[in-house]
Structures are given as C-alpha cells and as structure tokens.
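Notes follow the structure.
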Amino acid sequence: MESDTESDSNDVLDPGDNIEVVDSVGHTLTGRIMLAWKASRVDLLYDFDRAAFLFSPNRTVQEYVVKNYAQADKDAAERLIAKWLLPEGTLETERSRLMASLVTTLWKEWGEFLTNFILFALVLK
C-alpha cells in the first residue's frame, strides 16, 4: 500500500494537461472536457428550466422576461405540454387538436398574466 506522500509524488501533472492550452481536438484534459461540454451543452438547459423562467411569478424575473424571452422558451413550454398533459395512445388527429387547444389557452392566459403583472407593477411604483 502506498503512503500519502508516495501517491502525491505520482500525481504529477502531465504537460499535455495544461489548462491554459486551447485544444479543440481533445488531446489535453481541458480539450477533452471542452469537447464533452460542447456535445452536451444543448441538453443542459432543460425544458422545465426555460418554462420556469417564462412563468415565474417573481417580479424581477418577470420584468426580465417581458423584455428578453425567446421563442425557445415558448417552444420549451409547448414541449412540456406534450410530455405531461397529452394522454398516451390518443389518435394523432385528436392529439393535434388537444395540443392546439392547450397551447392556445396557455398563451392566452400567459398574455393576461403579463398584462396584469405590468399593470400591477405600475401601481406599485
């Protein structure tokens, strides 16, 4: 069994693992980490994170949302409707009709929420 000092002496950094080196090929440790990051970063921002941002009742967040929301945020909310609210095994035509109804209701109510939020925020100023 190695002592702590022996294992520490074996943990010498490899010159190829220099974190200052930009390596788009993946030869260094940093390069390998960055390649893994680039491959998975799209999946790191989940639909429910985007939807939570969009529908947050927090005043500061809503002030930001009014000015900065993206179509991707709205698309994420619609994907959540499809995942959570549409029953499994329904016919495609019924599924499309139900999806359209739910999405229409969602954006109508979200618009009303934003209108009321803005009016309420003006009253508080």
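Just so we're on the same page: first chain in the structure tokens is A, next is B, and so on; residues restart at 1 for each chain, and ligands are numbered from 1 in the order they show up.
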I'd like the neighbourhood of Leu102 of chain A as JSON, numbers by chain, where a residue qualifies if any of its atoms comes within 9 Å (using only C-alpha atoms), though same-chain residues fewer than 5 positions away should be ignored. {"A": [78, 81, 85, 97, 107]}
Dump as a PDB file, in the first residue's frame, selection limited to N, CA, C and O atoms:
ATOM      1  N   GLU A  78     -44.285  24.451 -24.680  1.00  0.00           N
ATOM      2  CA  GLU A  78     -45.150  23.617 -25.511  1.00  0.00           C
ATOM      3  C   GLU A  78     -44.709  22.157 -25.493  1.00  0.00           C
ATOM      4  O   GLU A  78     -45.536  21.243 -25.489  1.00  0.00           O
ATOM      5  N   ILE A  81     -46.065  20.632 -22.379  1.00  0.00           N
ATOM      6  CA  ILE A  81     -47.483  20.286 -22.526  1.00  0.00           C
ATOM      7  C   ILE A  81     -47.601  18.925 -23.207  1.00  0.00           C
ATOM      8  O   ILE A  81     -48.357  18.061 -22.765  1.00  0.00           O
ATOM      9  N   LEU A  85     -49.197  16.638 -20.428  1.00  0.00           N
ATOM     10  CA  LEU A  85     -50.642  16.805 -20.411  1.00  0.00           C
ATOM     11  C   LEU A  85     -51.386  16.016 -21.483  1.00  0.00           C
ATOM     12  O   LEU A  85     -52.580  15.796 -21.351  1.00  0.00           O
ATOM     13  N   ARG A  97     -55.414  18.216 -32.100  1.00  0.00           N
ATOM     14  CA  ARG A  97     -56.487  19.125 -31.696  1.00  0.00           C
ATOM     15  C   ARG A  97     -56.349  19.516 -30.235  1.00  0.00           C
ATOM     16  O   ARG A  97     -56.434  20.692 -29.878  1.00  0.00           O
ATOM     17  N   TRP A 107     -51.095  30.358 -23.946  1.00  0.00           N
ATOM     18  CA  TRP A 107     -50.562  31.663 -24.351  1.00  0.00           C
ATOM     19  C   TRP A 107     -51.577  32.783 -24.109  1.00  0.00           C
ATOM     20  O   TRP A 107     -51.192  33.913 -23.815  1.00  0.00           O
TER      21      TRP A 107
END
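Note that atom CA of Ala77 of chain A and atom CA of Ala51 of chain A are 5.1 Å apart.
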Do a neighbour search on Glu63 of chain A at 10 Å with only C-alpha atoms, toss out local chain neighbours closer than 3 positions, and write the hits as a ChimeraX atom specification. /A:58-60,66-68,114,117-118,121
Could you jot down the atom CA of Val25 of chain A to atom CA of Lys38 of chain A separation for me, Å, one decimal place? 11.9 Å
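The shell of residues at most 9 Å from Asp73 of chain A, with only C-alpha atoms counted and near chain neighbours (fewer than 5 positions) removed, consists of Asp47, Asp49, Arg50, Ala51, Phe53, Leu54 and Glu78 of chain A.
Note that the spacing between atom CA of Leu80 of chain A and atom CA of Phe48 of chain A amounts to 7.1 Å.
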